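K.L.:
Compact mmCIF, C-alpha atoms and all ligand atoms, file final_13.txt:
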```txt
# COMPACT_ATOMS: atom_id res chain seq x y z
CA MET A 1 26.27 -13.36 -12.69
CA THR A 2 24.23 -15.58 -10.42
CA ARG A 3 26.26 -17.72 -8.10
CA ARG A 4 25.00 -20.69 -6.13
CA LYS A 5 23.99 -19.74 -2.59
CA VAL A 6 25.53 -21.93 0.08
CA PHE A 7 24.61 -22.31 3.76
CA GLY A 8 26.87 -24.50 5.87
CA GLY A 9 26.11 -25.63 9.41
CA ASN A 10 29.37 -26.29 11.24
CA TRP A 11 28.41 -28.07 14.44
CA LYS A 12 32.01 -28.18 15.70
CA MET A 13 32.24 -30.52 18.74
CA ASN A 14 28.52 -30.42 19.52
CA HIS A 15 25.64 -32.91 19.33
CA GLY A 16 25.87 -36.58 20.25
CA LEU A 17 23.75 -39.24 18.60
CA SER A 18 20.38 -38.47 20.17
CA GLU A 19 20.72 -34.72 19.56
CA THR A 20 21.77 -35.41 15.98
CA GLU A 21 18.83 -37.68 15.39
CA ASN A 22 16.40 -35.17 16.94
CA PHE A 23 17.82 -32.42 14.77
CA LEU A 24 17.55 -34.49 11.58
CA GLN A 25 14.02 -35.69 12.24
CA GLU A 26 12.90 -32.08 12.63
CA PHE A 27 15.09 -30.67 9.85
CA ILE A 28 13.96 -33.03 7.11
CA ASN A 29 10.35 -32.22 7.89
CA THR A 30 10.92 -28.49 7.57
CA LYS A 31 10.39 -26.73 4.29
CA ILE A 32 13.79 -25.60 3.13
CA SER A 33 14.44 -23.76 -0.09
CA SER A 34 16.01 -25.91 -2.80
CA ASP A 35 17.40 -22.77 -4.40
CA CYS A 36 20.71 -23.17 -2.59
CA ASP A 37 23.19 -25.71 -1.22
CA VAL A 38 22.57 -26.61 2.41
CA VAL A 39 25.44 -28.54 3.97
CA LEU A 40 25.68 -29.93 7.50
CA PHE A 41 29.09 -30.54 9.07
CA PRO A 42 28.51 -32.68 12.18
CA PRO A 43 31.26 -34.36 14.22
CA PHE A 44 32.45 -37.65 12.66
CA THR A 45 30.23 -39.65 14.99
CA GLY A 46 27.09 -38.11 13.50
CA LEU A 47 27.90 -38.82 9.88
CA HIS A 48 26.20 -42.20 9.65
CA LEU A 49 22.96 -40.58 10.85
CA MET A 50 23.33 -37.95 8.14
CA GLN A 51 23.61 -40.79 5.65
CA LYS A 52 20.50 -42.44 7.04
CA TYR A 53 18.31 -39.32 7.14
CA LEU A 54 19.56 -37.12 4.33
CA LYS A 55 19.66 -39.58 1.45
CA ALA A 56 17.44 -38.18 -1.30
CA SER A 57 16.67 -35.09 0.83
CA GLY A 58 18.62 -32.62 -1.30
CA ILE A 59 20.57 -31.63 1.83
CA SER A 60 24.28 -32.33 1.73
CA TYR A 61 26.68 -33.11 4.50
CA GLY A 62 30.37 -33.28 5.02
CA ALA A 63 33.24 -33.54 7.46
CA GLN A 64 34.84 -30.82 9.53
CA ASN A 65 38.24 -32.47 9.19
CA PHE A 66 40.18 -35.40 7.71
CA HIS A 67 43.75 -36.62 7.55
CA CYS A 68 46.13 -35.65 4.77
CA GLU A 69 47.26 -39.21 4.00
CA GLU A 70 45.29 -41.98 2.32
CA LYS A 71 45.66 -44.63 5.05
CA GLY A 72 48.06 -46.14 7.52
CA ALA A 73 49.43 -45.76 11.01
CA TYR A 74 47.82 -42.44 11.97
CA THR A 75 46.17 -43.15 15.30
CA GLY A 76 43.01 -41.12 15.78
CA GLU A 77 42.68 -39.92 12.20
CA VAL A 78 39.98 -40.37 9.55
CA SER A 79 40.61 -40.60 5.80
CA LEU A 80 38.73 -39.17 2.85
CA ALA A 81 37.93 -42.68 1.60
CA MET A 82 36.18 -43.39 4.91
CA LEU A 83 34.21 -40.17 4.58
CA LYS A 84 33.20 -41.07 1.06
CA GLU A 85 31.81 -44.39 2.31
CA LEU A 86 29.63 -42.38 4.68
CA GLY A 87 28.25 -40.40 1.76
CA CYS A 88 30.02 -37.13 2.55
CA THR A 89 30.40 -34.82 -0.42
CA TRP A 90 31.82 -31.71 1.27
CA VAL A 91 34.71 -31.00 3.63
CA LEU A 92 35.88 -27.94 5.50
CA THR A 93 39.51 -26.95 5.11
CA GLY A 94 41.43 -24.18 6.84
CA HIS A 95 38.89 -23.47 9.56
CA SER A 96 40.45 -21.00 11.99
CA GLU A 97 39.96 -23.43 14.88
CA ARG A 98 42.03 -26.01 13.01
CA ARG A 99 44.65 -23.41 12.15
CA GLU A 100 44.83 -21.77 15.59
CA ILE A 101 44.18 -24.65 18.01
CA PHE A 102 45.59 -27.57 16.03
CA LYS A 103 48.32 -25.55 14.33
CA GLU A 104 47.41 -26.47 10.76
CA SER A 105 49.79 -24.61 8.48
CA ASP A 106 49.01 -22.95 5.15
CA GLU A 107 50.87 -25.82 3.47
CA LEU A 108 48.71 -28.42 5.19
CA VAL A 109 45.53 -26.54 4.29
CA ALA A 110 46.68 -26.49 0.64
CA LYS A 111 47.53 -30.18 0.72
CA LYS A 112 44.19 -31.14 2.27
CA THR A 113 42.24 -28.95 -0.15
CA ARG A 114 44.08 -30.54 -3.08
CA MET A 115 43.42 -34.03 -1.73
CA ALA A 116 39.75 -33.34 -1.17
CA LEU A 117 39.37 -32.18 -4.77
CA ASP A 118 41.24 -35.23 -6.04
CA HIS A 119 38.76 -37.43 -4.15
CA GLY A 120 35.79 -35.62 -5.65
CA PHE A 121 34.73 -33.64 -2.58
CA THR A 122 33.70 -30.00 -2.56
CA PRO A 123 36.04 -28.22 -0.17
CA MET A 124 34.85 -25.14 1.65
CA VAL A 125 38.08 -23.28 2.24
CA CYS A 126 37.98 -21.03 5.31
CA ILE A 127 40.11 -17.95 5.82
CA GLY A 128 40.02 -15.01 8.20
CA GLU A 129 42.04 -12.54 10.20
CA THR A 130 42.51 -12.24 13.97
CA LEU A 131 41.49 -9.14 15.90
CA ASP A 132 45.14 -8.12 16.30
CA GLU A 133 45.72 -8.42 12.55
CA ARG A 134 42.63 -6.34 11.90
CA LYS A 135 43.68 -3.66 14.38
CA ALA A 136 47.13 -3.56 12.78
CA GLY A 137 45.56 -2.96 9.35
CA LYS A 138 46.73 -6.36 8.10
CA THR A 139 43.40 -7.87 7.06
CA LYS A 140 44.02 -7.55 3.34
CA GLU A 141 47.52 -9.01 3.60
CA LYS A 142 46.32 -11.96 5.69
CA LEU A 143 43.37 -12.85 3.44
CA ASN A 144 45.42 -12.47 0.31
CA HIS A 145 48.12 -14.69 1.77
CA GLN A 146 45.73 -17.40 2.98
CA VAL A 147 43.86 -17.58 -0.32
CA ARG A 148 47.06 -17.75 -2.39
CA ALA A 149 48.58 -20.36 -0.11
CA ALA A 150 45.48 -22.58 -0.20
CA LEU A 151 45.37 -22.43 -4.00
CA PHE A 152 49.02 -23.23 -4.57
CA GLY A 153 49.37 -25.02 -7.92
CA MET A 154 45.64 -25.13 -8.65
CA SER A 155 44.23 -24.86 -12.15
CA GLU A 156 41.17 -22.83 -13.18
CA THR A 157 39.16 -26.05 -13.37
CA ASP A 158 40.15 -26.90 -9.79
CA VAL A 159 39.40 -23.51 -8.36
CA LEU A 160 35.93 -23.46 -9.90
CA LYS A 161 35.08 -26.49 -7.75
CA LEU A 162 35.83 -24.66 -4.50
CA THR A 163 33.66 -22.64 -2.18
CA PHE A 164 35.19 -20.16 0.26
CA ALA A 165 34.17 -18.91 3.67
CA TYR A 166 35.47 -15.62 5.01
CA GLU A 167 35.32 -15.93 8.78
CA PRO A 168 36.95 -13.10 10.74
CA ILE A 169 38.22 -14.86 13.87
CA TRP A 170 37.07 -12.05 16.17
CA ALA A 171 33.47 -12.66 15.05
CA ILE A 172 33.39 -16.44 15.61
CA GLY A 173 31.33 -17.59 18.56
CA THR A 174 31.63 -14.17 20.16
CA GLY A 175 28.23 -12.77 19.29
CA VAL A 176 30.19 -9.82 17.84
CA ASN A 177 29.28 -10.14 14.21
CA ALA A 178 31.02 -8.19 11.49
CA SER A 179 29.00 -5.33 10.08
CA GLN A 180 27.49 -5.97 6.66
CA SER A 181 30.09 -3.71 5.09
CA ASP A 182 33.01 -5.35 6.95
CA ALA A 183 31.78 -8.76 5.80
CA GLN A 184 31.33 -7.52 2.24
CA GLU A 185 34.81 -5.99 2.30
CA GLY A 186 36.40 -9.26 3.49
CA VAL A 187 34.53 -11.38 0.95
CA LYS A 188 35.40 -8.90 -1.80
CA LEU A 189 39.08 -9.13 -0.82
CA VAL A 190 38.87 -12.89 -1.34
CA ARG A 191 37.19 -12.41 -4.71
CA ASP A 192 39.78 -9.81 -5.74
CA THR A 193 42.58 -12.25 -4.91
CA LEU A 194 40.84 -14.94 -6.96
CA ALA A 195 40.48 -12.44 -9.81
CA ASN A 196 44.18 -11.54 -9.66
CA LEU A 197 45.10 -15.21 -9.83
CA TYR A 198 42.53 -16.57 -12.30
CA GLY A 199 40.79 -13.57 -13.90
CA GLN A 200 37.58 -11.78 -13.00
CA SER A 201 35.29 -14.10 -14.92
CA ILE A 202 36.46 -17.15 -12.93
CA ALA A 203 36.35 -15.19 -9.65
CA ASN A 204 32.77 -14.14 -10.38
CA GLN A 205 31.64 -17.77 -10.55
CA ILE A 206 32.93 -18.84 -7.14
CA SER A 207 30.61 -18.80 -4.14
CA ILE A 208 32.03 -17.08 -1.07
CA CYS A 209 30.25 -17.23 2.28
CA TYR A 210 30.55 -15.05 5.34
CA GLY A 211 30.86 -16.73 8.75
CA GLY A 212 30.96 -15.37 12.29
CA SER A 213 27.88 -15.02 14.52
CA VAL A 214 25.49 -15.42 11.59
CA LYS A 215 21.91 -15.69 12.91
CA PRO A 216 18.43 -16.06 11.40
CA ASN A 217 17.87 -12.34 11.92
CA ASN A 218 21.08 -11.04 10.35
CA ILE A 219 21.58 -13.34 7.35
CA GLU A 220 19.36 -11.25 5.08
CA GLY A 221 21.55 -8.21 5.64
CA TYR A 222 24.68 -10.16 4.72
CA MET A 223 23.01 -11.66 1.66
CA SER A 224 22.08 -8.16 0.47
CA GLN A 225 25.79 -7.47 -0.06
CA ALA A 226 27.08 -7.80 -3.60
CA ASP A 227 29.75 -10.44 -3.03
CA ILE A 228 28.30 -12.53 -0.19
CA ASP A 229 26.80 -15.79 -1.43
CA GLY A 230 25.91 -17.56 1.80
CA GLY A 231 26.81 -18.24 5.39
CA LEU A 232 28.97 -20.65 7.34
CA VAL A 233 27.13 -20.94 10.61
CA GLY A 234 28.19 -22.33 13.98
CA GLY A 235 25.89 -21.75 16.96
CA ALA A 236 22.76 -20.98 14.93
CA SER A 237 23.03 -24.26 13.02
CA LEU A 238 22.59 -26.41 16.11
CA LYS A 239 18.81 -26.12 16.30
CA ALA A 240 16.79 -27.31 13.32
CA ASP A 241 14.26 -24.47 13.44
CA ASP A 242 16.96 -21.77 13.76
CA PHE A 243 18.97 -23.18 10.88
CA SER A 244 16.02 -23.73 8.56
CA THR A 245 14.78 -20.19 9.28
CA LEU A 246 18.27 -18.88 8.63
CA VAL A 247 18.50 -20.66 5.28
CA ASN A 248 15.04 -19.56 4.20
CA ASN A 249 15.75 -15.96 5.22
CA GLY A 250 19.04 -16.15 3.36
CA VAL A 251 17.53 -17.14 0.02
CA LYS A 252 14.64 -14.63 0.14
P1 LIG B 1 29.46 -18.98 15.01
O1 LIG B 1 28.35 -18.88 14.00
O2 LIG B 1 29.07 -19.75 16.23
O3 LIG B 1 30.07 -17.64 15.30
O4 LIG B 1 30.63 -19.87 14.32
C1 LIG B 1 31.11 -19.51 13.08
C2 LIG B 1 31.99 -20.58 12.56
O5 LIG B 1 33.13 -20.71 12.98
C3 LIG B 1 31.46 -21.48 11.54
O6 LIG B 1 32.48 -22.23 10.97
```
Take the structure I supplied and represent it as structure tokens, if you would.
P.N.:
Amino acid sequence: MTRRKVFGGNWKMNHGLSETENFLQEFINTKISSDCDVVLFPPFTGLHLMQKYLKASGISYGAQNFHCEEKGAYTGEVSLAMLKELGCTWVLTGHSERREIFKESDELVAKKTRMALDHGFTPMVCIGETLDERKAGKTKEKLNHQVRAALFGMSETDVLKLTFAYEPIWAIGTGVNASQSDAQEGVKLVRDTLANLYGQSIANQISICYGGSVKPNNIEGYMSQADIDGGLVGGASLKADDFSTLVNNGVK
């Protein structure tokens, strides 16, 4: 079973307009494999530059966040319709920083994932355990719970439109990356949960990335693992040459 390889660049709250434009000018002139999905997730303010530079480039982009209502009196929020106007086709849901810092609940993650699908976006659903949960032997329970909660009420057709990212929280931005086997184990736990819910054949078609201190020099090792289909990358996606090298190393 060959699954689509996916490499996401989650810029988090980094890069203003000039940095975004510099990145894009370099990135679009770099040879990047077309044998995978490459998706940039800049802050909202960079999305119009993505639209300007990435049209017809084969590189996708999306939003790190959005609000769970269609429109109205929600000061400071951005809707999916607004993101669609900017040409976004992907969104992140359930990122650990949204869950931990902004207290997004499992229910909200499920609602936002559902909404994103209904609006025709490809959600990349993020899940992952904390260091304490890992130390307490609760990784399996946590991942199983997060996947089930995010998929509440979803049909087979819906779930086939999703991509997942297993991001152990202790490996995010810390430079402490998970070992290849730890990453494989986490991604496999996600796939096993999908298989329990929808059957193995559906689970085998869904791309699942690993995220957490992924770098140009360690992506190949992760990609050599049976269940890992790509990377969700923070720090190493901020420089065009790092990220293009990472993607090209990942599809080798
Ligand atoms: P780092 O690659 O900086 O560890 O970030 C991972 C991440 O959270 C991507 O969503």
K.L.:
Report, in Å to a single decimal, how far apart atom CA of Phe102 of chain A and atom CA of Asp229 of chain A are.
P.N.:
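Distance between the two atoms: 28.2 Å.
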K.L.:
Could you report the residues within 7 Å of ligand LIG 1 (chain B), using all atoms listed in the file, as a short mmCIF file (atom, residue, chain, number, x, y, z; two decimals) with C-alpha atoms, in the coordinates of the input?
P.N.:
```
data_model
loop_
_atom_site.label_atom_id
_atom_site.label_comp_id
_atom_site.auth_asym_id
_atom_site.auth_seq_id
_atom_site.Cartn_x
_atom_site.Cartn_y
_atom_site.Cartn_z
CA ASN A 10 29.37 -26.29 11.24
CA HIS A 95 38.89 -23.47 9.56
CA GLU A 167 35.32 -15.93 8.78
CA ALA A 171 33.47 -12.66 15.05
CA ILE A 172 33.39 -16.44 15.61
CA GLY A 173 31.33 -17.59 18.56
CA THR A 174 31.63 -14.17 20.16
CA GLY A 175 28.23 -12.77 19.29
CA GLY A 211 30.86 -16.73 8.75
CA GLY A 212 30.96 -15.37 12.29
CA SER A 213 27.88 -15.02 14.52
CA VAL A 214 25.49 -15.42 11.59
CA LEU A 232 28.97 -20.65 7.34
CA VAL A 233 27.13 -20.94 10.61
CA GLY A 234 28.19 -22.33 13.98
CA GLY A 235 25.89 -21.75 16.96
CA ALA A 236 22.76 -20.98 14.93
#
```
K.L.:
Between atom CA of Leu108 of chain A and atom CA of Ile59 of chain A, what is the distance, to one decimal in Å?
P.N.:
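So the two atoms, atom CA of Leu108 of chain A and atom CA of Ile59 of chain A, lie 28.5 Å apart.
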K.L.:
Write out as a Markdown table a residue-level contact list of segment 23-106 of chain A versus segment 150-156 of chain A with cut-off 10 Å: for each qualifying residue the closest pair of atoms and the distance in Å to one decimal, counting only C-alpha atoms, rows sorted by chain and residue number upward.
P.N.:
```
| residue | atom | partner | partner_atom | distance |
| --- | --- | --- | --- | --- |
| A:Thr93 | CA | A:Ala150 | CA | 9.1 |
| A:Gly94 | CA | A:Ala150 | CA | 8.3 |
| A:Ser105 | CA | A:Ala150 | CA | 9.9 |
| A:Asp106 | CA | A:Ala150 | CA | 6.4 |
```
K.L.:
Any chance you could export the current selection's C-alpha atoms as an mmCIF file, in the coordinates of the input?
P.N.:
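Once everything was written out, this is part-v6.cif:
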```cif
data_model
loop_
_atom_site.group_PDB
_atom_site.id
_atom_site.type_symbol
_atom_site.label_atom_id
_atom_site.label_comp_id
_atom_site.auth_asym_id
_atom_site.auth_seq_id
_atom_site.Cartn_x
_atom_site.Cartn_y
_atom_site.Cartn_z
ATOM 1 C CA THR A 93 39.510 -26.950 5.110
ATOM 2 C CA GLY A 94 41.430 -24.180 6.840
ATOM 3 C CA SER A 105 49.790 -24.610 8.480
ATOM 4 C CA ASP A 106 49.010 -22.950 5.150
#
```
K.L.:
Skip Trp11 of chain A itself and residues of its chain fewer than 3 positions away, then list as a list in words all residues within 8 Å of it, counting all atoms listed in the file.
P.N.:
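Near neighbours after the sequence-gap exclusion: Asn14, His15, Leu40, Phe41, Pro42, Pro43, Gly234, Gly235, Ser237 and Leu238 of chain A.
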K.L.:
Pick out the residues sitting within 12 Å of Tyr198 of chain A, and hand them over as a list in words; count all atoms listed in the file, and ignore anything fewer than 4 positions along from it in its own chain.
P.N.:
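After dropping sequence-adjacent residues, the list is Arg148, Leu151, Gly153, Met154, Ser155, Glu156, Thr157, Asp158, Val159, Leu160, Arg191, Asp192, Thr193, Leu194, Ile202, Ala203, Asn204, Gln205 and Ile206 of chain A.
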K.L.:
So what do you get for atom CA of Ser244 of chain A versus atom CA of Leu54 of chain A, distance-wise?
P.N.:
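Computing it gives 14.5 Å between the two atoms.
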K.L.:
Leaving out Pro216 of chain A and any residue of its chain fewer than 6 positions from it, which residues lie within 12 Å of it when counting all atoms listed in the file, given as a list of chain:residue names?
P.N.:
A:Phe7, A:Tyr222, A:Met223, A:Gly231, A:Val233, A:Gly234, A:Gly235, A:Ala236, A:Ser237, A:Lys239, A:Ala240, A:Asp241, A:Asp242, A:Phe243, A:Ser244, A:Thr245, A:Leu246, A:Val247, A:Asn248, A:Asn249, A:Gly250, A:Val251, A:Lys252
K.L.:
Find the residues near segment 112-120 of chain A: any atom within 6 Å, counting all atoms listed in the file, skip ones fewer than 2 places away on the same chain, and give them as a PyMOL selection string.
P.N.:
chain A and resi 68+109-110
K.L.:
Centre and edge lengths of an axis-aligned box around all listed atoms of segment 211-230 of chain A, with 3 Å added on each side, are to be given in Å to one decimal, as lines of an AutoDock Vina configuration file.
P.N.:
```
center_x = 24.4
center_y = -12.5
center_z = 5.5
size_x = 19.1
size_y = 16.1
size_z = 24.1
```
K.L.:
Where atoms are absent from segment 92-128 of chain A, fill them in so it carries N, CA and C atoms, then output it as a short mmCIF file (atom, residue, chain, number, x, y, z; two decimals), keeping the file's coordinate frame.
P.N.:
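Okay, this is what ended up in result-v4.cif:
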```
data_model
loop_
_atom_site.label_atom_id
_atom_site.label_comp_id
_atom_site.auth_asym_id
_atom_site.auth_seq_id
_atom_site.Cartn_x
_atom_site.Cartn_y
_atom_site.Cartn_z
N LEU A 92 35.32 -29.24 5.16
CA LEU A 92 35.88 -27.94 5.50
C LEU A 92 37.39 -28.05 5.47
N THR A 93 38.05 -27.03 4.96
CA THR A 93 39.51 -26.95 5.11
C THR A 93 39.85 -25.55 5.61
N GLY A 94 40.92 -25.48 6.40
CA GLY A 94 41.43 -24.18 6.84
C GLY A 94 40.59 -23.46 7.87
N HIS A 95 39.67 -24.18 8.54
CA HIS A 95 38.89 -23.47 9.56
C HIS A 95 39.84 -22.87 10.60
N SER A 96 39.52 -21.68 11.08
CA SER A 96 40.45 -21.00 11.99
C SER A 96 40.71 -21.81 13.25
N GLU A 97 39.72 -22.62 13.69
CA GLU A 97 39.96 -23.43 14.88
C GLU A 97 40.99 -24.52 14.60
N ARG A 98 41.00 -25.03 13.38
CA ARG A 98 42.03 -26.01 13.01
C ARG A 98 43.39 -25.31 12.87
N ARG A 99 43.37 -24.13 12.32
CA ARG A 99 44.65 -23.41 12.15
C ARG A 99 45.22 -22.97 13.50
N GLU A 100 44.34 -22.39 14.35
CA GLU A 100 44.83 -21.77 15.59
C GLU A 100 45.04 -22.80 16.70
N ILE A 101 44.08 -23.72 16.88
CA ILE A 101 44.18 -24.65 18.01
C ILE A 101 45.05 -25.85 17.65
N PHE A 102 44.88 -26.35 16.43
CA PHE A 102 45.59 -27.57 16.03
C PHE A 102 46.78 -27.28 15.12
N LYS A 103 47.10 -25.99 15.00
CA LYS A 103 48.32 -25.55 14.33
C LYS A 103 48.44 -26.03 12.88
N GLU A 104 47.34 -26.10 12.18
CA GLU A 104 47.41 -26.47 10.76
C GLU A 104 48.04 -25.32 9.98
N SER A 105 49.06 -25.64 9.23
CA SER A 105 49.79 -24.61 8.48
C SER A 105 49.10 -24.34 7.15
N ASP A 106 49.51 -23.25 6.50
CA ASP A 106 49.01 -22.95 5.15
C ASP A 106 49.30 -24.11 4.21
N GLU A 107 50.47 -24.71 4.36
CA GLU A 107 50.87 -25.82 3.47
C GLU A 107 49.94 -27.01 3.67
N LEU A 108 49.61 -27.29 4.92
CA LEU A 108 48.71 -28.42 5.19
C LEU A 108 47.31 -28.13 4.64
N VAL A 109 46.86 -26.90 4.81
CA VAL A 109 45.53 -26.54 4.29
C VAL A 109 45.52 -26.74 2.77
N ALA A 110 46.59 -26.33 2.11
CA ALA A 110 46.68 -26.49 0.64
C ALA A 110 46.68 -27.97 0.28
N LYS A 111 47.43 -28.75 1.02
CA LYS A 111 47.53 -30.18 0.72
C LYS A 111 46.17 -30.87 0.91
N LYS A 112 45.49 -30.52 2.00
CA LYS A 112 44.19 -31.14 2.27
C LYS A 112 43.14 -30.70 1.24
N THR A 113 43.21 -29.45 0.84
CA THR A 113 42.24 -28.95 -0.15
C THR A 113 42.46 -29.68 -1.47
N ARG A 114 43.72 -29.82 -1.86
CA ARG A 114 44.08 -30.54 -3.08
C ARG A 114 43.58 -31.99 -3.03
N MET A 115 43.83 -32.63 -1.89
CA MET A 115 43.42 -34.03 -1.73
C MET A 115 41.92 -34.19 -1.81
N ALA A 116 41.22 -33.27 -1.18
CA ALA A 116 39.75 -33.34 -1.17
C ALA A 116 39.22 -33.22 -2.59
N LEU A 117 39.79 -32.31 -3.36
CA LEU A 117 39.37 -32.18 -4.77
C LEU A 117 39.67 -33.46 -5.53
N ASP A 118 40.85 -34.01 -5.33
CA ASP A 118 41.24 -35.23 -6.04
C ASP A 118 40.30 -36.40 -5.71
N HIS A 119 39.70 -36.37 -4.54
CA HIS A 119 38.76 -37.43 -4.15
C HIS A 119 37.32 -37.07 -4.49
N GLY A 120 37.13 -35.96 -5.18
CA GLY A 120 35.79 -35.62 -5.65
C GLY A 120 34.91 -34.90 -4.64
N PHE A 121 35.51 -34.40 -3.56
CA PHE A 121 34.73 -33.64 -2.58
C PHE A 121 34.67 -32.16 -2.98
N THR A 122 33.71 -31.46 -2.43
CA THR A 122 33.70 -30.00 -2.56
C THR A 122 34.29 -29.41 -1.29
N PRO A 123 35.49 -28.84 -1.37
CA PRO A 123 36.04 -28.22 -0.17
C PRO A 123 35.47 -26.83 0.05
N MET A 124 35.14 -26.52 1.29
CA MET A 124 34.85 -25.14 1.65
C MET A 124 36.07 -24.63 2.39
N VAL A 125 36.79 -23.75 1.73
CA VAL A 125 38.08 -23.28 2.24
C VAL A 125 37.84 -22.05 3.12
N CYS A 126 38.25 -22.14 4.38
CA CYS A 126 37.98 -21.03 5.31
C CYS A 126 39.23 -20.18 5.51
N ILE A 127 39.01 -18.88 5.56
CA ILE A 127 40.11 -17.95 5.82
C ILE A 127 39.58 -16.82 6.70
N GLY A 128 40.47 -16.13 7.36
CA GLY A 128 40.02 -15.01 8.20
C GLY A 128 41.14 -14.47 9.04
#
```
